file input-v9.cif (mmCIF, C-alpha atoms)
data_model
loop_
_atom_site.label_atom_id
_atom_site.label_comp_id
_atom_site.auth_asym_id
_atom_site.auth_seq_id
_atom_site.Cartn_x
_atom_site.Cartn_y
_atom_site.Cartn_z
CA MET U 1 83.39 -19.58 -42.78
CA GLU U 2 86.77 -18.38 -41.69
CA ILE U 3 86.83 -16.00 -44.66
CA PHE U 4 83.49 -14.56 -43.57
CA LYS U 5 84.67 -14.23 -40.01
CA GLN U 6 87.75 -12.48 -41.14
CA ASN U 7 86.00 -10.29 -43.62
CA ARG U 8 82.74 -9.28 -41.95
CA CYS U 9 82.36 -6.48 -44.44
CA ILE U 10 82.20 -8.98 -47.29
CA ALA U 11 79.52 -11.02 -45.44
CA LEU U 12 77.50 -7.91 -44.79
CA LEU U 13 77.72 -6.93 -48.46
CA VAL U 14 76.56 -10.39 -49.62
CA GLY U 15 73.59 -10.19 -47.23
CA VAL U 16 72.57 -6.82 -48.55
CA ILE U 17 72.81 -8.13 -52.13
CA LEU U 18 70.59 -11.13 -51.26
CA VAL U 19 68.01 -8.90 -49.58
CA CYS U 20 67.94 -6.62 -52.65
CA PHE U 21 67.43 -9.56 -55.00
CA SER U 22 64.61 -10.88 -52.81
CA ALA U 23 62.90 -7.47 -52.74
CA ILE U 24 63.23 -7.07 -56.50
CA SER U 25 61.71 -10.50 -57.10
CA LEU U 26 58.76 -9.70 -54.79
CA LEU U 27 58.08 -6.22 -56.23
CA SER U 28 58.44 -7.16 -59.94
CA PRO U 29 54.94 -6.80 -61.68
CA GLY U 30 55.97 -8.98 -64.57
CA ARG U 31 56.47 -12.21 -62.64
CA ILE U 32 54.71 -14.38 -60.06
CA ASN U 33 56.06 -16.80 -57.43
CA GLU U 34 58.05 -19.78 -58.60
CA GLY U 35 55.97 -22.77 -59.69
CA GLN U 36 53.58 -20.58 -61.73
CA ASN U 37 53.81 -19.78 -65.40
CA THR U 38 55.43 -16.49 -66.33
CA LEU U 39 53.84 -14.81 -69.36
CA LYS U 40 55.93 -12.56 -71.58
CA MET U 41 53.65 -10.82 -74.03
CA ASP U 42 56.42 -10.18 -76.53
CA LYS U 43 56.19 -13.93 -77.37
CA PHE U 44 52.55 -13.58 -78.41
CA GLY U 45 51.30 -11.77 -81.48
CA GLY U 46 48.79 -12.13 -84.25
CA ALA U 47 47.29 -15.61 -84.10
CA GLY U 48 48.94 -16.29 -80.73
CA HIS U 49 46.64 -14.02 -78.73
CA ALA U 50 44.20 -16.88 -78.08
CA SER U 51 46.79 -18.73 -76.03
CA ALA U 52 47.47 -15.60 -74.02
CA ALA U 53 43.79 -15.16 -73.28
CA ALA U 54 43.62 -18.75 -72.06
CA LEU U 55 46.33 -18.05 -69.47
CA LEU U 56 44.86 -14.79 -68.19
CA PRO U 57 43.09 -16.21 -65.11
CA GLN U 58 46.46 -17.48 -63.77
CA THR U 59 48.77 -14.72 -65.02
CA ALA U 60 49.09 -11.04 -64.20
CA VAL U 61 50.08 -8.87 -67.18
CA THR U 62 50.76 -5.15 -67.51
CA PRO U 63 49.16 -3.29 -70.44
CA GLU U 64 52.46 -1.68 -71.34
CA ARG U 65 53.92 -5.01 -72.47
CA ILE U 66 51.10 -5.91 -74.86
CA LYS U 67 52.06 -6.15 -78.54
CA GLY U 68 50.49 -7.22 -81.83
CA THR U 69 46.76 -6.98 -82.58
CA VAL U 70 45.56 -7.72 -79.03
CA LYS U 71 44.22 -4.71 -77.13
CA PRO U 72 43.35 -4.66 -73.40
CA MET U 73 40.22 -3.28 -71.80
CA LEU U 74 40.24 -2.89 -68.01
CA TYR U 75 37.28 -3.65 -65.77
CA THR U 76 36.81 -3.73 -62.03
CA THR U 77 36.80 -7.11 -60.31
CA ALA U 78 33.07 -6.66 -59.67
CA ALA U 79 32.40 -6.55 -63.42
CA ILE U 80 34.18 -9.82 -64.27
CA PRO U 81 34.76 -11.88 -61.11
CA GLY U 82 37.63 -14.36 -61.22
CA HIS U 83 40.00 -12.31 -63.43
CA VAL U 84 42.18 -10.67 -60.76
CA TRP U 85 45.23 -8.52 -61.43
CA ASN U 86 47.10 -7.64 -58.24
CA GLY U 87 43.76 -7.85 -56.41
CA LYS U 88 42.52 -4.64 -58.09
CA GLN U 89 41.79 -5.01 -61.79
CA THR U 90 41.15 -7.61 -64.42
CA VAL U 91 42.06 -7.66 -68.10
CA ASP U 92 39.60 -8.56 -70.88
CA TRP U 93 40.91 -9.05 -74.40
CA PHE U 94 39.39 -7.90 -77.68
CA THR U 95 40.73 -8.32 -81.17
CA PRO U 96 39.83 -5.61 -83.75
CA ALA U 97 37.23 -7.98 -85.22
CA LYS U 98 35.57 -8.40 -81.81
CA LEU U 99 35.59 -4.65 -81.27
CA LYS U 100 33.79 -4.10 -84.59
CA LEU U 101 31.15 -6.68 -83.70
CA LYS U 102 30.63 -5.10 -80.30
CA ALA U 103 30.26 -1.62 -81.83
CA ALA U 104 27.80 -2.90 -84.44
CA ALA U 105 25.72 -4.58 -81.75
CA GLY U 106 25.58 -1.33 -79.82
CA THR U 107 24.23 0.61 -82.81
CA GLN U 108 21.35 -1.75 -83.64
CA PRO U 109 17.95 -0.04 -83.28
CA ALA U 110 15.81 -1.15 -80.42
CA LYS U 111 12.98 -3.50 -81.30
CA PRO U 112 9.54 -1.86 -81.14
CA LYS U 113 7.54 -2.83 -78.11
CA THR U 114 4.15 -4.39 -78.50
CA VAL U 115 1.63 -2.88 -76.14
CA VAL U 116 -1.16 -5.24 -75.13
CA VAL U 117 -4.23 -3.59 -73.67
CA LYS U 118 -6.30 -5.87 -71.52
CA VAL U 119 -10.01 -5.15 -71.38
CA SER U 120 -11.96 -6.44 -68.44
CA PRO U 121 -15.07 -8.57 -69.06
CA GLU U 122 -17.22 -5.74 -67.71
CA ALA U 123 -15.73 -3.26 -70.20
CA GLN U 124 -16.21 -5.74 -73.07
CA GLN U 125 -19.85 -6.17 -72.08
CA ALA U 126 -20.30 -2.39 -71.95
CA LEU U 127 -18.80 -2.04 -75.45
CA LYS U 128 -21.13 -4.72 -76.79
CA GLN U 129 -24.14 -3.02 -75.23
CA ALA U 130 -23.10 0.35 -76.70
CA ALA U 131 -22.73 -1.20 -80.18
CA ALA U 132 -26.13 -2.88 -79.82
CA LYS U 133 -27.73 0.41 -78.79
CA GLY U 134 -26.16 2.13 -81.81
CA SER U 135 -27.59 -0.45 -84.22
CA GLN U 136 -30.98 -0.24 -82.50
CA SER U 137 -30.95 3.55 -82.90
CA VAL U 138 -30.31 3.23 -86.64
CA THR U 139 -33.09 0.65 -86.92
CA LYS U 140 -35.47 2.91 -84.98
CA VAL U 141 -34.68 5.84 -87.29
CA LYS U 142 -35.39 3.72 -90.38
CA THR U 143 -38.56 2.31 -88.84
CA ALA U 144 -39.75 5.78 -87.85
CA SER U 145 -39.19 7.11 -91.37
CA GLN U 146 -41.22 4.21 -92.76
CA GLN U 147 -44.05 4.68 -90.26
CA HIS U 148 -44.12 8.39 -91.04
CA PRO U 149 -43.07 8.71 -94.69
CA PRO U 150 -41.76 12.01 -96.07
CA THR U 151 -44.34 14.43 -97.40
CA LYS U 152 -41.97 15.68 -100.06
CA LEU U 153 -40.14 13.60 -102.65
CA PHE U 154 -36.94 14.58 -104.45
CA PHE U 155 -36.08 13.37 -107.93
CA SER U 156 -33.15 13.58 -110.28
CA ARG U 157 -33.59 12.88 -113.97
CA THR U 158 -32.92 9.19 -113.42
CA LYS U 159 -33.95 8.21 -109.88
CA LEU U 160 -35.80 8.92 -106.66
CA LEU U 161 -33.43 10.52 -104.14
CA SER U 162 -33.32 10.14 -100.38
CA GLN U 163 -34.05 13.07 -98.10
CA GLU U 164 -30.31 13.48 -97.50
CA GLN U 165 -29.70 13.79 -101.27
CA GLN U 166 -32.21 16.58 -101.87
CA ALA U 167 -29.42 18.99 -102.86
CA GLN U 168 -28.95 16.87 -106.01
CA ALA U 169 -32.63 17.02 -106.98
CA THR U 170 -33.77 18.50 -110.27
CA TRP U 171 -37.36 18.70 -109.04
CA SER U 172 -39.51 17.77 -106.04
CA TYR U 173 -43.05 16.55 -105.43
CA ALA U 174 -45.30 17.22 -102.44
CA VAL U 175 -47.22 14.09 -101.38
CA SER U 176 -50.78 14.86 -100.34
CA GLU U 177 -53.00 12.68 -98.14
CA GLU U 178 -54.99 11.73 -101.25
CA ASP U 179 -51.77 10.62 -102.97
CA LEU U 180 -50.79 8.53 -99.97
CA LEU U 181 -54.19 6.80 -99.81
CA LEU U 182 -54.20 6.13 -103.56
CA LEU U 183 -50.75 4.53 -103.38
CA GLN U 184 -51.86 2.29 -100.52
CA LYS U 185 -55.02 1.22 -102.37
CA ILE U 186 -53.30 0.49 -105.70
CA VAL U 187 -50.70 -1.64 -103.88
CA MET U 188 -53.46 -3.49 -102.04
CA ALA U 189 -55.51 -4.00 -105.21
CA GLU U 190 -52.58 -5.14 -107.38
CA ALA U 191 -50.52 -7.16 -104.86
CA GLU U 192 -52.76 -8.26 -102.00
CA GLY U 193 -51.63 -11.88 -102.27
CA GLU U 194 -48.00 -11.05 -103.14
CA PRO U 195 -45.04 -11.08 -100.75
CA TYR U 196 -44.05 -7.87 -98.99
CA GLN U 197 -41.18 -7.23 -101.45
CA GLY U 198 -43.67 -7.49 -104.29
CA LYS U 199 -45.86 -4.83 -102.67
CA VAL U 200 -42.87 -2.46 -102.33
CA ALA U 201 -41.99 -3.11 -105.98
CA VAL U 202 -45.52 -2.09 -107.15
CA ALA U 203 -45.18 1.18 -105.24
CA ASN U 204 -41.73 1.64 -106.81
CA VAL U 205 -43.23 1.34 -110.28
CA VAL U 206 -45.79 4.08 -109.56
CA LEU U 207 -43.07 6.42 -108.24
CA ASN U 208 -40.80 5.61 -111.20
CA ARG U 209 -43.58 6.65 -113.54
CA LEU U 210 -44.14 9.83 -111.55
CA ARG U 211 -40.48 10.72 -112.07
CA SER U 212 -40.34 9.81 -115.76
CA ALA U 213 -41.14 12.41 -118.43
CA ASN U 214 -43.02 9.72 -120.37
CA PHE U 215 -45.78 9.50 -117.73
CA PRO U 216 -48.12 11.98 -115.96
CA ASP U 217 -46.82 14.38 -113.32
CA THR U 218 -49.00 13.47 -110.32
CA ILE U 219 -49.63 10.23 -108.44
CA HIS U 220 -53.38 10.52 -109.09
CA GLU U 221 -52.87 10.93 -112.85
CA VAL U 222 -50.32 8.10 -112.99
CA ILE U 223 -52.71 5.66 -111.29
CA TYR U 224 -55.75 6.74 -113.30
CA GLN U 225 -53.97 6.84 -116.64
CA LYS U 226 -56.09 4.96 -119.16
CA SER U 227 -55.48 1.26 -119.62
CA GLN U 228 -52.55 1.09 -117.22
CA PHE U 229 -53.80 -0.57 -114.00
CA SER U 230 -56.55 -3.20 -114.22
CA PRO U 231 -58.03 -2.51 -110.70
CA VAL U 232 -58.96 0.97 -111.93
CA ALA U 233 -60.86 -0.46 -114.90
CA ASN U 234 -62.71 -3.20 -112.99
CA GLY U 235 -63.52 -1.03 -109.94
CA ARG U 236 -61.48 -3.04 -107.41
CA LEU U 237 -59.45 0.08 -106.53
CA GLN U 238 -62.54 1.71 -105.01
CA ARG U 239 -63.52 -1.34 -102.98
CA VAL U 240 -60.28 -2.34 -101.29
CA LYS U 241 -59.17 -1.21 -97.87
CA PRO U 242 -55.37 -1.16 -97.43
CA ASN U 243 -54.05 -3.70 -94.96
CA GLU U 244 -51.01 -3.28 -92.70
CA ASP U 245 -48.51 -4.74 -95.19
CA SER U 246 -49.72 -2.46 -98.00
CA ILE U 247 -49.43 0.64 -95.82
CA LYS U 248 -45.97 -0.42 -94.63
CA ALA U 249 -44.81 -1.15 -98.19
CA VAL U 250 -45.95 2.29 -99.45
CA ASN U 251 -44.24 4.04 -96.56
CA ALA U 252 -41.03 2.13 -97.28
CA ALA U 253 -41.10 3.03 -100.98
CA LEU U 254 -41.68 6.71 -100.20
CA SER U 255 -38.75 6.55 -97.76
CA GLY U 256 -36.42 5.28 -100.48
CA VAL U 257 -36.62 1.47 -100.23
CA LYS U 258 -36.33 -0.03 -103.72
CA GLU U 259 -37.11 -3.61 -104.68
CA VAL U 260 -36.75 -2.82 -108.41
CA THR U 261 -34.48 -0.35 -110.18
CA ASP U 262 -35.48 3.23 -111.00
CA ASP U 263 -35.96 2.43 -114.69
CA THR U 264 -38.64 -0.25 -114.05
CA TYR U 265 -42.04 1.00 -115.29
CA PHE U 266 -44.22 -2.08 -115.91
CA PHE U 267 -45.35 -5.30 -114.23
CA LEU U 268 -47.92 -8.00 -114.93
CA SER U 269 -48.96 -11.48 -113.92
CA LEU U 270 -48.20 -13.88 -116.75
CA LYS U 271 -50.84 -16.25 -115.36
CA LEU U 272 -53.69 -13.72 -115.32
CA ALA U 273 -52.80 -11.10 -117.93
CA GLN U 274 -54.80 -11.19 -121.17
CA ASP U 275 -52.62 -8.66 -122.95
CA LEU U 276 -48.96 -9.71 -123.14
CA THR U 277 -47.75 -6.74 -125.17
CA VAL U 278 -45.53 -5.56 -122.32
CA HIS U 279 -44.05 -9.02 -121.98
CA HIS U 280 -43.08 -9.11 -125.66
CA SER U 281 -42.00 -5.49 -126.07
CA ARG U 282 -40.23 -4.60 -122.80
CA THR U 283 -36.96 -5.69 -121.20
CA TYR U 284 -37.29 -8.19 -118.39
CA ALA U 285 -36.10 -6.84 -115.01
CA LYS U 286 -37.20 -9.10 -112.17
CA THR U 287 -39.76 -11.61 -110.92
CA ILE U 288 -41.23 -11.31 -107.42
CA GLY U 289 -43.97 -13.76 -106.50
CA ASN U 290 -46.51 -13.88 -109.36
CA HIS U 291 -45.48 -10.55 -110.83
CA THR U 292 -42.90 -10.05 -113.53
CA PHE U 293 -41.34 -6.57 -113.77
CA TYR U 294 -40.09 -4.88 -116.94
CA LYS U 295 -38.10 -1.82 -117.93
#
call {"tool": "encode", "arguments": {"input": "input-v9.cif", "output": "structure tokens"}}
result
Amino acid sequence: MEIFKQNRCIALLVGVILVCFSAISLLSPGRINEGQNTLKMDKFGGAGHASAAALLPQTAVTPERIKGTVKPMLYTTAAIPGHVWNGKQTVDWFTPAKLKLKAAAGTQPAKPKTVVVKVSPEAQQALKQAAAKGSQSVTKVKTASQQHPPTKLFFSRTKLLSQEQQAQATWSYAVSEEDLLLLQKIVMAEAEGEPYQGKVAVANVVLNRLRSANFPDTIHEVIYQKSQFSPVANGRLQRVKPNEDSIKAVNAALSGVKEVTDDTYFFLSLKLAQDLTVHHSRTYAKTIGNHTFYK
């Protein structure tokens, strides 16, 4: 102490030196107060970066001192709370492999979104009613065409065409009131006790013959052709009065309904027929009720 008293300049110099050392230790960004771990990044490299990352929450590190394969990325403290560097910034660590994975994840296309449209019960009921009305309209059109059959038929060389297919016709036939009544009577006389499909099929046979070049060219001549329809020979054709089913079946056949194919020209009842020439000489097509139809 006597030396200090005698040399006050020396004491003052030592005090200044101590103050400078204290200020340097407080202002140094590379170290923290005694008792905490001091991290020197030049000791870490390559595989050692994992240990450095583990110490980050307790250690402040400057980016300038980072070496090896570890690269820093700075975020604000609001982005990653808990990683504080001097109260301002935090350091997150990415290896090149992590950076590649992050970039690849960022370039993946977005998944398509599935849009689900919810329909209220009232809307569903309205849709059902609209569909029902549409089907009823189609049914009404078909029923109307059968109640009021076409007055003109269209034929190709092989079949009876619908009214919508008339552009494909090779010839046409105008149906008179006499033709219509004759068709109704021959169906009634031949198939009175047969099912409705059998009545339509008899009318189909008459129209198939009208189309074919091997038979007469009018409905009257087809029905009255010699030895073809037994009700003509025994007089039943003149006596019958067409019932509702016979009229409906004729209208359906004229409108294009077909219970047998367009190449079916013959039918007979195997139980009642006395002449079975057709049965033995023609190709079987179909059986409806008591009638067997042939090509």
call {"tool": "atom_distance", "arguments": {"input": "input-v9.cif", "atom1": "atom CA of U:Ala169", "atom2": "atom CA of U:Leu153"}}
result
9.3 Å
call {"tool": "residues_around", "arguments": {"input": "input-v9.cif", "residues": "stretch 277-288 of chain U", "least_positions_apart": "6", "cutoff": "7 Å", "atoms": "only C-alpha atoms", "output": "PDB file with C-alpha atoms, in the frame of the given file"}}
result
ATOM      1  CA  GLY U 198     -43.670  -7.490-104.290  1.00  0.00           C
ATOM      2  CA  TYR U 294     -40.090  -4.880-116.940  1.00  0.00           C
ATOM      3  CA  LYS U 295     -38.100  -1.820-117.930  1.00  0.00           C
TER       4      LYS U 295
END
call {"tool": "atom_distance", "arguments": {"input": "input-v9.cif", "atom1": "atom CA of U:Asn234", "atom2": "atom CA of U:Ala273"}}
result
13.6 Å
call {"tool": "resolve_selection", "arguments": {"input": "input-v9.cif", "expression": "the PyMOL selection byres ((chain U and resi 213) around 12)", "output": "list in words"}}
result
Phe155, Ser156, Arg157, Thr158, Lys159, Trp171, Leu207, Asn208, Arg209, Leu210, Arg211, Ser212, Asn214, Phe215, Pro216, Asp217, Thr218, Val222, Asp263 and Tyr265 of chain U
call {"tool": "resolve_selection", "arguments": {"input": "input-v9.cif", "expression": "the PyMOL selection byres ((chain U and resi 270) around 8)", "output": "PyMOL selection string"}}
result
chain U and resi 268-269+271-273+276+290-292
call {"tool": "atom_distance", "arguments": {"input": "input-v9.cif", "atom1": "atom CA of U:Glu192", "atom2": "atom CA of U:Ser246"}}
result
7.7 Å
call {"tool": "resolve_selection", "arguments": {"input": "input-v9.cif", "expression": "the PyMOL selection byres ((chain U and resi 199-204) around 8)", "output": "list in words"}}
result
Leu183, Val187, Met188, Glu190, Ala191, Glu192, Glu194, Pro195, Tyr196, Gln197, Gly198, Val205, Val206, Leu207, Asn208, Asp245, Ser246, Ala249, Val250, Ala252, Ala253, Val257, Lys258, Glu259, Val260, Asp262 and Phe267 of chain U
call {"tool": "residues_around", "arguments": {"input": "input-v9.cif", "residues": "U:Val240", "least_positions_apart": "2", "cutoff": "10 Å", "atoms": "all atoms listed in the file", "output": "list in words"}}
result
Gln184, Lys185, Ile186, Val187, Met188, Ala189, Glu192, Pro231, Gly235, Arg236, Leu237, Gln238, Pro242 and Asn243 of chain U
call {"tool": "closest_residue", "arguments": {"input": "input-v9.cif", "among": "U:Tyr173, U:Phe154, U:Phe293, U:Phe266", "to": "U:Phe229", "atoms": "all atoms listed in the file"}}
result
U:Phe266
call {"tool": "residues_near_point", "arguments": {"input": "input-v9.cif", "point": "(-46.7, 16.3, -102.7)", "cutoff": "9 Å", "atoms": "all atoms listed in the file", "output": "compact mmCIF listing (two decimals) with C-alpha atoms, in the coordinates of the input"}}
result
# COMPACT_ATOMS: atom_id res chain seq x y z
CA THR U 151 -44.34 14.43 -97.40
CA LYS U 152 -41.97 15.68 -100.06
CA LEU U 153 -40.14 13.60 -102.65
CA SER U 172 -39.51 17.77 -106.04
CA TYR U 173 -43.05 16.55 -105.43
CA ALA U 174 -45.30 17.22 -102.44
CA VAL U 175 -47.22 14.09 -101.38
CA SER U 176 -50.78 14.86 -100.34
CA GLU U 177 -53.00 12.68 -98.14
CA ASP U 179 -51.77 10.62 -102.97
CA THR U 218 -49.00 13.47 -110.32
CA ILE U 219 -49.63 10.23 -108.44
call {"tool": "axis_aligned_box", "arguments": {"input": "input-v9.cif", "around": "stretch 191-205 of chain U", "padding_each_side": "4 Å", "output": "lines of an AutoDock Vina configuration file"}}
result
center_x = -47.0
center_y = -5.1
center_z = -104.6
size_x = 19.6
size_y = 21.5
size_z = 19.3
